[in-house]
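Source file: upload23.tsv; contents: TSV, C-alpha atoms.
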```tsv
chain	number	residue	atom	x	y	z
W	1	MET	CA	-20.71	-16.10	57.81
W	2	SER	CA	-22.22	-12.70	58.61
W	3	SER	CA	-23.55	-10.42	55.80
W	4	PRO	CA	-21.23	-7.47	56.53
W	5	ASN	CA	-18.21	-9.84	56.23
W	6	ARG	CA	-19.48	-11.10	52.84
W	7	ILE	CA	-19.87	-7.54	51.51
W	8	THR	CA	-16.38	-6.63	52.68
W	9	ARG	CA	-14.92	-9.64	50.87
W	10	LEU	CA	-16.72	-8.55	47.68
W	11	ILE	CA	-15.30	-5.05	47.93
W	12	LEU	CA	-11.76	-6.32	48.50
W	13	SER	CA	-11.98	-8.78	45.59
W	14	THR	CA	-13.24	-6.09	43.25
W	15	SER	CA	-10.53	-3.68	44.31
W	16	ALA	CA	-7.87	-6.29	43.68
W	17	ALA	CA	-9.25	-6.88	40.19
W	18	LEU	CA	-9.23	-3.17	39.40
W	19	LEU	CA	-5.67	-2.77	40.65
W	20	LEU	CA	-4.51	-5.64	38.47
W	21	PHE	CA	-6.31	-4.13	35.44
W	22	ALA	CA	-4.69	-0.75	36.05
W	23	ALA	CA	-1.28	-2.40	36.29
W	24	SER	CA	-1.82	-4.17	32.97
W	25	THR	CA	-2.73	-0.94	31.15
W	26	LEU	CA	0.32	0.92	32.41
W	27	ALA	CA	2.56	-1.62	30.60
W	28	ALA	CA	0.40	-1.47	27.40
W	29	VAL	CA	1.34	-2.69	23.92
W	30	THR	CA	1.57	0.04	21.27
W	31	ILE	CA	1.29	0.10	17.49
W	32	SER	CA	2.37	2.83	15.11
W	33	VAL	CA	1.65	3.11	11.38
W	34	GLN	CA	3.91	5.43	9.44
W	35	ALA	CA	2.28	6.47	6.16
W	36	ASN	CA	-1.02	7.30	4.51
W	37	PHE	CA	-1.77	6.28	0.89
W	38	SER	CA	-3.01	8.68	-1.76
W	39	ARG	CA	-3.37	8.13	-5.51
W	40	THR	CA	-4.67	10.36	-8.32
W	41	VAL	CA	-5.76	8.75	-11.60
W	42	GLY	CA	-6.61	10.33	-14.95
W	43	ALA	CA	-6.09	10.03	-18.70
W	44	LEU	CA	-2.69	8.40	-18.31
W	45	ASP	CA	-4.34	5.56	-16.37
W	46	LEU	CA	-6.63	4.43	-19.22
W	47	SER	CA	-5.81	0.84	-20.08
W	48	ALA	CA	-5.66	1.41	-23.87
W	49	GLY	CA	-6.30	5.02	-24.87
W	50	PRO	CA	-9.61	6.60	-25.98
W	51	GLY	CA	-12.61	4.37	-25.40
W	52	SER	CA	-10.88	2.23	-22.80
W	53	ASP	CA	-11.65	2.29	-19.10
W	54	LEU	CA	-9.38	3.13	-16.18
W	55	THR	CA	-6.96	0.42	-15.14
W	56	GLY	CA	-9.00	-1.57	-12.65
W	57	SER	CA	-6.62	-1.45	-9.70
W	58	GLN	CA	-3.94	0.74	-8.17
W	59	GLU	CA	-1.27	-0.48	-5.74
W	60	SER	CA	0.90	1.47	-3.35
W	61	ASP	CA	4.63	0.99	-3.15
W	62	PRO	CA	5.36	-2.35	-1.46
W	63	ASP	CA	7.07	-0.59	1.46
W	64	LEU	CA	4.25	1.74	2.38
W	65	GLY	CA	3.38	2.42	5.98
W	66	ALA	CA	5.93	0.60	8.10
W	67	ILE	CA	4.27	-0.76	11.23
W	68	SER	CA	6.00	-1.07	14.60
W	69	ILE	CA	4.69	-3.00	17.59
W	70	GLU	CA	6.21	-2.45	21.04
W	71	GLY	CA	5.49	-3.29	24.64
W	72	THR	CA	4.26	-6.80	23.94
W	73	THR	CA	4.06	-9.39	26.68
W	74	GLY	CA	4.13	-12.41	24.38
W	75	GLY	CA	1.85	-13.28	21.47
W	76	TRP	CA	-0.12	-10.63	19.62
W	77	ARG	CA	-2.18	-10.11	16.48
W	78	VAL	CA	-2.97	-7.11	14.27
W	79	ASP	CA	-6.55	-6.59	13.09
W	80	VAL	CA	-7.63	-4.17	10.37
W	81	LYS	CA	-10.93	-2.52	9.48
W	82	ARG	CA	-12.01	0.49	7.51
W	83	THR	CA	-14.21	3.48	8.27
W	84	ASP	CA	-15.42	5.27	5.13
W	85	ALA	CA	-15.53	9.03	4.85
W	86	SER	CA	-16.52	9.19	1.17
W	87	TRP	CA	-16.49	5.88	-0.65
W	88	ASP	CA	-18.20	3.91	-3.42
W	89	THR	CA	-19.46	0.37	-2.98
W	90	ASP	CA	-17.70	-0.64	-6.22
W	91	LEU	CA	-14.30	0.20	-4.69
W	92	GLU	CA	-12.42	-2.48	-2.80
W	93	LEU	CA	-9.47	-1.94	-0.44
W	94	ALA	CA	-7.02	-4.74	0.33
W	95	ILE	CA	-3.82	-4.84	2.37
W	96	ARG	CA	-0.96	-7.32	2.59
W	97	ARG	CA	2.27	-7.59	4.58
W	98	THR	CA	5.38	-7.29	2.43
W	99	SER	CA	8.17	-7.65	4.98
W	100	ASN	CA	8.88	-9.33	8.32
W	101	GLY	CA	10.23	-6.17	9.90
W	102	SER	CA	12.94	-6.48	12.54
W	103	GLY	CA	13.16	-7.65	16.16
W	104	SER	CA	13.77	-10.72	18.26
W	105	GLY	CA	10.30	-12.17	17.91
W	106	THR	CA	8.39	-13.86	15.13
W	107	ILE	CA	5.71	-12.85	12.63
W	108	SER	CA	3.38	-14.81	10.39
W	109	GLY	CA	0.39	-14.44	8.11
W	110	GLY	CA	-0.85	-11.55	6.01
W	111	THR	CA	1.35	-12.02	2.94
W	112	SER	CA	-1.69	-12.40	0.63
W	113	TYR	CA	-4.04	-9.49	0.07
W	114	LEU	CA	-6.81	-9.27	2.67
W	115	GLU	CA	-9.92	-7.31	1.70
W	116	VAL	CA	-10.61	-4.77	4.43
W	117	GLY	CA	-14.21	-4.23	5.48
W	118	ALA	CA	-16.09	-2.44	8.20
W	119	PHE	CA	-15.29	-5.08	10.83
W	120	ASP	CA	-11.96	-6.23	12.26
W	121	SER	CA	-10.15	-8.99	10.38
W	122	THR	CA	-6.80	-10.37	11.46
W	123	LEU	CA	-4.03	-9.33	9.08
W	124	PHE	CA	-1.00	-10.94	10.75
W	125	SER	CA	0.26	-12.12	14.13
W	126	GLY	CA	3.49	-12.72	15.99
W	127	GLU	CA	5.41	-12.79	19.25
W	128	ALA	CA	7.56	-10.14	20.94
W	129	ASP	CA	8.21	-6.64	19.65
W	130	ARG	CA	8.62	-6.07	15.89
W	131	ALA	CA	9.59	-2.90	14.05
W	132	ASP	CA	9.30	-1.60	10.48
W	133	ILE	CA	6.85	-4.19	9.17
W	134	ASP	CA	6.02	-3.10	5.61
W	135	VAL	CA	2.53	-3.29	4.14
W	136	GLN	CA	1.11	-2.66	0.67
W	137	VAL	CA	-2.32	-1.24	-0.15
W	138	ARG	CA	-4.36	-2.12	-3.24
W	139	LEU	CA	-7.43	-0.30	-4.52
W	140	SER	CA	-9.56	-2.15	-7.07
W	141	GLY	CA	-12.88	-1.60	-8.81
W	142	LEU	CA	-11.79	1.63	-10.49
W	143	SER	CA	-13.82	2.64	-13.55
W	144	ALA	CA	-14.93	5.70	-15.51
W	145	ALA	CA	-18.43	5.15	-14.13
W	146	LEU	CA	-17.23	6.36	-10.70
W	147	GLY	CA	-16.97	9.86	-12.16
W	148	ALA	CA	-14.50	12.60	-11.33
W	149	SER	CA	-14.46	12.63	-7.55
W	150	SER	CA	-12.43	12.09	-4.40
W	151	PHE	CA	-12.84	8.96	-2.28
W	152	SER	CA	-11.46	8.52	1.23
W	153	THR	CA	-11.45	5.92	3.96
W	154	THR	CA	-9.51	5.40	7.20
W	155	VAL	CA	-7.92	2.04	7.96
W	156	THR	CA	-7.57	1.23	11.67
W	157	TYR	CA	-4.78	-1.17	12.65
W	158	THR	CA	-5.40	-2.67	16.11
W	159	VAL	CA	-2.80	-4.72	17.96
W	160	VAL	CA	-4.18	-7.16	20.50
W	161	ASP	CA	-1.67	-8.43	23.07
W	162	GLN	CA	-2.68	-12.02	23.68
Z	1	MET	CA	-13.80	-4.16	68.18
Z	2	HIS	CA	-11.58	-5.52	65.48
Z	3	ARG	CA	-13.04	-7.75	62.86
Z	4	SER	CA	-10.69	-9.60	60.55
Z	5	VAL	CA	-11.67	-10.50	57.07
Z	6	LYS	CA	-10.10	-13.48	55.46
Z	7	LEU	CA	-9.88	-13.74	51.73
Z	8	SER	CA	-9.94	-17.31	50.59
Z	9	LEU	CA	-7.87	-18.67	47.69
Z	10	LEU	CA	-11.08	-18.67	45.72
Z	11	ASP	CA	-11.45	-14.92	46.22
Z	12	VAL	CA	-7.90	-14.29	44.97
Z	13	LEU	CA	-8.32	-16.51	41.91
Z	14	ALA	CA	-11.63	-14.83	41.09
Z	15	SER	CA	-9.93	-11.43	41.20
Z	16	LEU	CA	-7.16	-12.58	38.90
Z	17	LEU	CA	-9.68	-14.07	36.49
Z	18	VAL	CA	-11.71	-10.88	36.34
Z	19	ALA	CA	-8.57	-8.85	35.76
Z	20	GLY	CA	-7.32	-11.14	33.01
Z	21	VAL	CA	-10.41	-12.06	31.01
Z	22	GLY	CA	-11.64	-9.27	28.68
Z	23	PHE	CA	-8.80	-6.94	29.64
Z	24	ALA	CA	-6.26	-7.99	26.90
Z	25	ALA	CA	-4.06	-4.94	26.15
Z	26	THR	CA	-4.81	-3.27	22.82
Z	27	ASP	CA	-3.73	-0.22	20.90
Z	28	ASN	CA	-4.50	1.16	17.47
Z	29	ASP	CA	-3.25	3.58	14.85
Z	30	VAL	CA	-4.80	4.73	11.59
Z	31	GLN	CA	-3.87	5.10	7.94
Z	32	VAL	CA	-5.86	7.36	5.61
Z	33	VAL	CA	-6.39	6.06	2.06
Z	34	THR	CA	-7.46	8.56	-0.60
Z	35	LEU	CA	-8.28	8.08	-4.29
Z	36	ASP	CA	-8.78	11.10	-6.57
Z	37	ILE	CA	-10.20	10.58	-10.05
Z	38	ASP	CA	-9.53	13.48	-12.43
Z	39	GLU	CA	-11.73	14.51	-15.35
Z	40	VAL	CA	-10.87	12.73	-18.62
Z	41	ALA	CA	-11.87	13.55	-22.22
Z	42	GLU	CA	-10.32	11.24	-24.83
Z	43	ILE	CA	-11.81	10.53	-28.30
Z	44	THR	CA	-10.83	8.71	-31.48
Z	45	ALA	CA	-12.67	8.11	-34.75
Z	46	GLY	CA	-11.03	4.99	-36.08
Z	47	ALA	CA	-9.38	4.39	-39.44
Z	48	ASP	CA	-9.68	6.54	-42.58
Z	49	ILE	CA	-12.43	5.61	-45.06
Z	50	THR	CA	-12.82	6.02	-48.82
Z	51	LEU	CA	-16.09	6.88	-50.56
Z	52	THR	CA	-16.20	6.33	-54.33
Z	53	ILE	CA	-18.83	7.43	-56.82
Z	54	VAL	CA	-19.22	4.71	-59.46
Z	55	GLY	CA	-21.46	4.50	-62.45
Z	56	THR	CA	-24.48	2.23	-62.35
Z	57	GLY	CA	-23.78	0.70	-65.73
Z	58	THR	CA	-27.20	1.87	-66.92
Z	59	PRO	CA	-27.19	4.86	-69.25
Z	60	GLY	CA	-29.16	7.78	-67.87
Z	61	MET	CA	-29.14	6.48	-64.30
Z	62	GLN	CA	-27.63	8.71	-61.61
Z	63	PRO	CA	-24.95	6.99	-59.53
Z	64	VAL	CA	-25.95	5.79	-56.09
Z	65	ASP	CA	-24.83	7.92	-53.16
Z	66	PRO	CA	-21.81	6.21	-51.62
Z	67	THR	CA	-22.13	5.25	-47.97
Z	68	SER	CA	-19.91	3.85	-45.25
Z	69	SER	CA	-20.62	2.52	-41.75
Z	70	ALA	CA	-17.20	0.99	-41.32
Z	71	THR	CA	-15.98	3.07	-38.41
Z	72	HIS	CA	-16.98	3.79	-34.83
Z	73	LEU	CA	-16.46	6.76	-32.55
Z	74	GLN	CA	-14.75	5.75	-29.32
Z	75	TYR	CA	-14.37	7.95	-26.28
Z	76	THR	CA	-13.66	7.95	-22.57
Z	77	SER	CA	-15.39	10.71	-20.67
Z	78	ILE	CA	-15.06	11.18	-16.89
Z	79	VAL	CA	-16.94	14.12	-15.42
Z	80	ASP	CA	-18.25	15.21	-12.06
Z	81	ALA	CA	-21.92	16.17	-12.35
Z	82	SER	CA	-21.65	17.88	-15.73
Z	83	THR	CA	-22.17	16.46	-19.25
Z	84	ARG	CA	-20.30	16.61	-22.54
Z	85	LYS	CA	-21.09	16.57	-26.26
Z	86	VAL	CA	-19.31	15.59	-29.48
Z	87	LEU	CA	-18.95	18.30	-32.13
Z	88	VAL	CA	-18.13	17.49	-35.76
Z	89	LYS	CA	-16.86	19.60	-38.67
Z	90	LEU	CA	-14.76	19.55	-41.80
Z	91	ALA	CA	-11.25	20.68	-41.06
Z	92	ALA	CA	-10.52	23.80	-43.11
Z	93	PRO	CA	-9.34	24.22	-45.85
Z	94	ASP	CA	-10.84	20.83	-46.84
Z	95	THR	CA	-14.09	21.03	-48.78
Z	96	VAL	CA	-16.57	18.60	-50.22
Z	97	PRO	CA	-16.45	18.33	-54.06
Z	98	ALA	CA	-18.80	20.67	-55.91
Z	99	GLY	CA	-22.21	19.20	-56.57
Z	100	THR	CA	-22.12	16.99	-53.51
Z	101	SER	CA	-22.62	17.15	-49.73
Z	102	LEU	CA	-21.26	14.90	-47.01
Z	103	HIS	CA	-23.42	13.77	-44.11
Z	104	VAL	CA	-22.66	11.80	-40.96
Z	105	THR	CA	-24.91	10.23	-38.33
Z	106	ALA	CA	-23.86	8.65	-35.04
Z	107	SER	CA	-25.91	5.50	-34.56
Z	108	ALA	CA	-26.04	2.64	-32.02
Z	109	PRO	CA	-24.55	1.29	-29.89
Z	110	PHE	CA	-24.79	3.90	-27.15
Z	111	ALA	CA	-23.71	2.51	-23.78
Z	112	SER	CA	-25.18	3.92	-20.59
Z	113	GLY	CA	-23.82	7.43	-20.19
Z	114	ALA	CA	-22.56	7.60	-23.78
Z	115	GLY	CA	-25.16	10.19	-24.81
Z	116	ALA	CA	-27.64	10.29	-27.71
Z	117	SER	CA	-27.40	11.04	-31.42
Z	118	THR	CA	-28.64	14.36	-32.79
Z	119	GLY	CA	-29.38	12.71	-36.14
Z	120	SER	CA	-27.85	13.37	-39.57
Z	121	VAL	CA	-25.40	16.28	-39.78
Z	122	GLU	CA	-24.33	17.88	-43.08
Z	123	LEU	CA	-20.65	18.57	-42.65
Z	124	THR	CA	-19.34	22.11	-42.96
Z	125	THR	CA	-16.28	23.83	-41.55
Z	126	SER	CA	-18.36	24.95	-38.54
Z	127	ASP	CA	-18.77	22.79	-35.41
Z	128	GLN	CA	-22.13	21.05	-35.14
Z	129	GLU	CA	-23.48	18.79	-32.40
Z	130	LEU	CA	-23.34	15.10	-33.28
Z	131	ILE	CA	-23.85	13.47	-29.83
Z	132	THR	CA	-25.13	15.15	-26.67
Z	133	GLY	CA	-25.64	14.27	-23.00
Z	134	ILE	CA	-22.43	12.32	-22.44
Z	135	GLY	CA	-21.62	11.54	-18.81
Z	136	SER	CA	-18.92	9.34	-17.31
Z	137	VAL	CA	-18.40	6.46	-19.70
Z	138	ALA	CA	-15.84	4.33	-21.54
Z	139	THR	CA	-17.35	3.20	-24.86
Z	140	GLY	CA	-14.80	0.43	-25.34
Z	141	ASP	CA	-11.79	0.42	-27.64
Z	142	LEU	CA	-12.36	-2.68	-29.75
Z	143	GLU	CA	-13.10	-2.31	-33.47
Z	144	ASP	CA	-16.91	-2.40	-33.15
Z	145	ASP	CA	-17.16	-0.50	-29.85
Z	146	GLY	CA	-18.72	2.94	-29.56
Z	147	PRO	CA	-21.35	4.70	-31.69
Z	148	GLN	CA	-21.25	3.76	-35.36
Z	149	LEU	CA	-20.45	6.54	-37.87
Z	150	ASP	CA	-22.79	6.39	-40.89
Z	151	TYR	CA	-21.46	8.52	-43.78
Z	152	VAL	CA	-23.52	9.42	-46.86
Z	153	TRP	CA	-21.95	11.27	-49.76
Z	154	GLU	CA	-24.95	12.80	-51.52
Z	155	ILE	CA	-24.83	13.67	-55.22
Z	156	GLU	CA	-26.82	16.86	-55.66
Z	157	ASP	CA	-25.82	18.08	-59.12
Z	158	MET	CA	-24.08	15.63	-61.42
Z	159	THR	CA	-23.22	18.37	-63.87
Z	160	LEU	CA	-20.76	19.77	-61.34
Z	161	LEU	CA	-18.97	16.49	-60.65
Z	162	ASP	CA	-15.33	16.37	-61.71
Z	163	PHE	CA	-14.72	12.67	-62.33
Z	164	GLY	CA	-11.19	11.40	-61.98
Z	165	ASN	CA	-10.48	13.64	-59.01
Z	166	ASP	CA	-9.49	12.35	-55.60
Z	167	ASP	CA	-10.48	14.75	-52.84
Z	168	VAL	CA	-9.62	14.51	-49.17
Z	169	ALA	CA	-12.08	15.64	-46.52
Z	170	THR	CA	-10.75	15.64	-42.98
Z	171	VAL	CA	-13.50	15.26	-40.40
Z	172	THR	CA	-12.77	16.53	-36.90
Z	173	PHE	CA	-14.60	15.23	-33.80
Z	174	THR	CA	-14.33	17.18	-30.55
Z	175	LEU	CA	-15.43	15.97	-27.09
Z	176	THR	CA	-16.29	19.06	-25.09
Z	177	ALA	CA	-18.40	20.34	-22.21
Z	178	GLU	CA	-22.07	21.06	-22.75
Z	179	GLY	CA	-23.59	24.35	-21.77
Z	180	VAL	CA	-20.31	26.22	-22.10
```
This structure in structure tokens:
Amino acid sequence: MSSPNRITRLILSTSAALLLFAASTLAAVTISVQANFSRTVGALDLSAGPGSDLTGSQESDPDLGAISIEGTTGGWRVDVKRTDASWDTDLELAIRRTSNGSGSGTISGGTSYLEVGAFDSTLFSGEADRADIDVQVRLSGLSAALGASSFSTTVTYTVVDQ
Amino acid sequence: MHRSVKLSLLDVLASLLVAGVGFAATDNDVQVVTLDIDEVAEITAGADITLTIVGTGTPGMQPVDPTSSATHLQYTSIVDASTRKVLVKLAAPDTVPAGTSLHVTASAPFASGAGASTGSVELTTSDQELITGIGSVATGDLEDDGPQLDYVWEIEDMTLLDFGNDDVATVTFTLTAEGV
């Protein structure tokens, strides 16, 4: 086979691959997360009055941040990770799924608290579109030693269409 | 001159494989989590105590100064970068019986951030520093947690003592900012 013919085949194969990739992104899966979580603690959160420390953990409402997943092509999973803006290494952030949401598909996993770190961890998975999946956030490691300050982190929920 | 190019089945499968592997569709959204810790200043001095002057049983001997170390000072202090102190005084119009003086010292234990004792303080109706340099700390709320309060009721002039009297002296502790 001549060299020019081989190069042409390579170009055509690559173009086909790129066209298929473009087609797949046009019909992309989407995820939306509805609510942020904010909590202020003070004197009322001491476990037993003067001398006692802050209650060690704070939980959000169990129906915080409904998650909706659309445009799936079959199975999918949701990974979570956190990116700290101002944090303390003694603080821990955990998330769990508290409802199945709605839709024709299925959902599983994530009903026990998962500690969220700097790298993706799978929270739950399923098949077909699901809407209004509730999650609950828990902050632990609170203590007076942290001082009067503001701590913030951003949780990224990533859906992977499998 | 026309030249046809044939793509074999292998070429097509290779294209599909390249398109499929590593190109799984993804999307993400974010949730911001914020925790605010407010300043806290809470203090308690434990149960009331009773100091009693009793005779020694030996004629001519002055009674021993009564003492008590039965109580602890317990506090929760949460600050930013500042520090706090504990002030102590007799609450007016209470007074110490004539011929005597009342002293208090804050002694160990001092947890990290709980400050340091200024030593013995003779109680008056004016605020005086008892503990300084308090940061963000929870001393603990169990019976033996927090700095111990050592009281000494000193007899200075027996001729002025009015035996048979019961006097009440209310001691006030205040957790407040330093340098203010």
Exercise for the section: Would you give me, as a PyMOL selection string, the residues of chain W that come within 7 Å of chain Z, using all atoms listed in the file? Expected result: chain W and resi 5+9+13-14+16-18+20-21+25+28-33+35-43+50-53+144-145+147-162
Practice task
For Ser107 (chain Z), list every protein, DNA or RNA residue within 10 Å, evaluated using only C-alpha atoms, and leave out those in the same chain fewer than 2 positions away; present the list as a ChimeraX atom specification.
Solution key: /Z:69,72-73,104-105,109-110,116-120,131,146-150
Handout entry: Nearest residue to Ile134 (chain Z) from the set Z:Glu178, Z:Asp167, Z:Asp157, Z:Asp65 (distances using all atoms listed in the file)
Key = Z:Glu178
Practice task
Show which residues sit within 12 Å of Thr122 (chain W), as a VMD selection string. Count only C-alpha atoms, and ignore same-chain residues fewer than 4 positions away.
Solution key: chain W and resid 76 to 81 95 to 97 108 to 111 113 to 117 126 156 to 160
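We find CA of Gly105 (chain W) and CA of Asp129 (chain W) to be spaced 6.2 Å apart.
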Handout entry: Straight-line distance linking CA of Leu93 (chain W) with CA of Ser140 (chain W), stated in Å to one decimal
Key =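 Taking CA of Leu93 (chain W) as the start and CA of Ser140 (chain W) as the end point, the length is 6.6 Å.
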Exercise for the section: Please determine the residues with any atom at most 10 Å from (-11.2, 12.5, -51.1) (coordinates as given in the file, with all atoms listed in the file counting) and report them as a VMD selection string. Expected result: chain Z and resid 49 to 52 94 to 97 165 to 170
Handout entry: Point-to-point distance from CA of Gln62 (chain Z) to CA of Val171 (chain Z), Å rounded to tenths
Key =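 Rounded to one decimal, the two atoms are 26.3 Å apart.
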Problem - Nearest-residue call for Phe124 (chain W), choices W:Leu64, W:Val137, W:Ile69, W:Ile107, using all atoms listed in the file - result: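 Among the listed residues, W:Ile107 lies closest to Phe124 (chain W).
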Exercise for the section: Considering all atoms listed in the file, state which residue in the set Z:Leu123, Z:Ala70, Z:Ala98, Z:Val54 is at the smallest distance from Glu143 (chain Z). Expected result: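 Of the candidates, the smallest distance to Glu143 (chain Z) is held by Z:Ala70.
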Can you report as AutoDock Vina command-line options the centre and edge lengths in Å, to one decimal, of an axis-aligned box around the listed atoms of region 139-153 of chain W padded with 3 Å on each side?
```
--center_x -12.9 --center_y 5.2 --center_z -5.8 --size_x 17.0 --size_y 20.8 --size_z 25.5
```
Exercise for the section: Could you check which of Z:Ala47, Z:Met61, Z:Lys85, Z:Val121 is closest to Val152 (chain Z), using only C-alpha atoms? Expected result: Z:Val121
Practice task
Please check which residues have atoms at most 9 Å from (-13.6, 0.3, -12.9) in the file's coordinates, counting all atoms listed in the file, and write them as a ChimeraX atom specification.
Solution key: /W:53-57,90-91,140-146
Quick one: write out the picked residues with C-alpha atoms as a PDB file, in the frame of the given file?
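Wrote again.pdb, looks like this:
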```pdb
ATOM      1  CA  ASP W  53     -11.650   2.290 -19.100  1.00  0.00           C
ATOM      2  CA  LEU W  54      -9.380   3.130 -16.180  1.00  0.00           C
ATOM      3  CA  THR W  55      -6.960   0.420 -15.140  1.00  0.00           C
ATOM      4  CA  GLY W  56      -9.000  -1.570 -12.650  1.00  0.00           C
ATOM      5  CA  SER W  57      -6.620  -1.450  -9.700  1.00  0.00           C
ATOM      6  CA  ASP W  90     -17.700  -0.640  -6.220  1.00  0.00           C
ATOM      7  CA  LEU W  91     -14.300   0.200  -4.690  1.00  0.00           C
ATOM      8  CA  SER W 140      -9.560  -2.150  -7.070  1.00  0.00           C
ATOM      9  CA  GLY W 141     -12.880  -1.600  -8.810  1.00  0.00           C
ATOM     10  CA  LEU W 142     -11.790   1.630 -10.490  1.00  0.00           C
ATOM     11  CA  SER W 143     -13.820   2.640 -13.550  1.00  0.00           C
ATOM     12  CA  ALA W 144     -14.930   5.700 -15.510  1.00  0.00           C
ATOM     13  CA  ALA W 145     -18.430   5.150 -14.130  1.00  0.00           C
ATOM     14  CA  LEU W 146     -17.230   6.360 -10.700  1.00  0.00           C
TER      15      LEU W 146
END
```
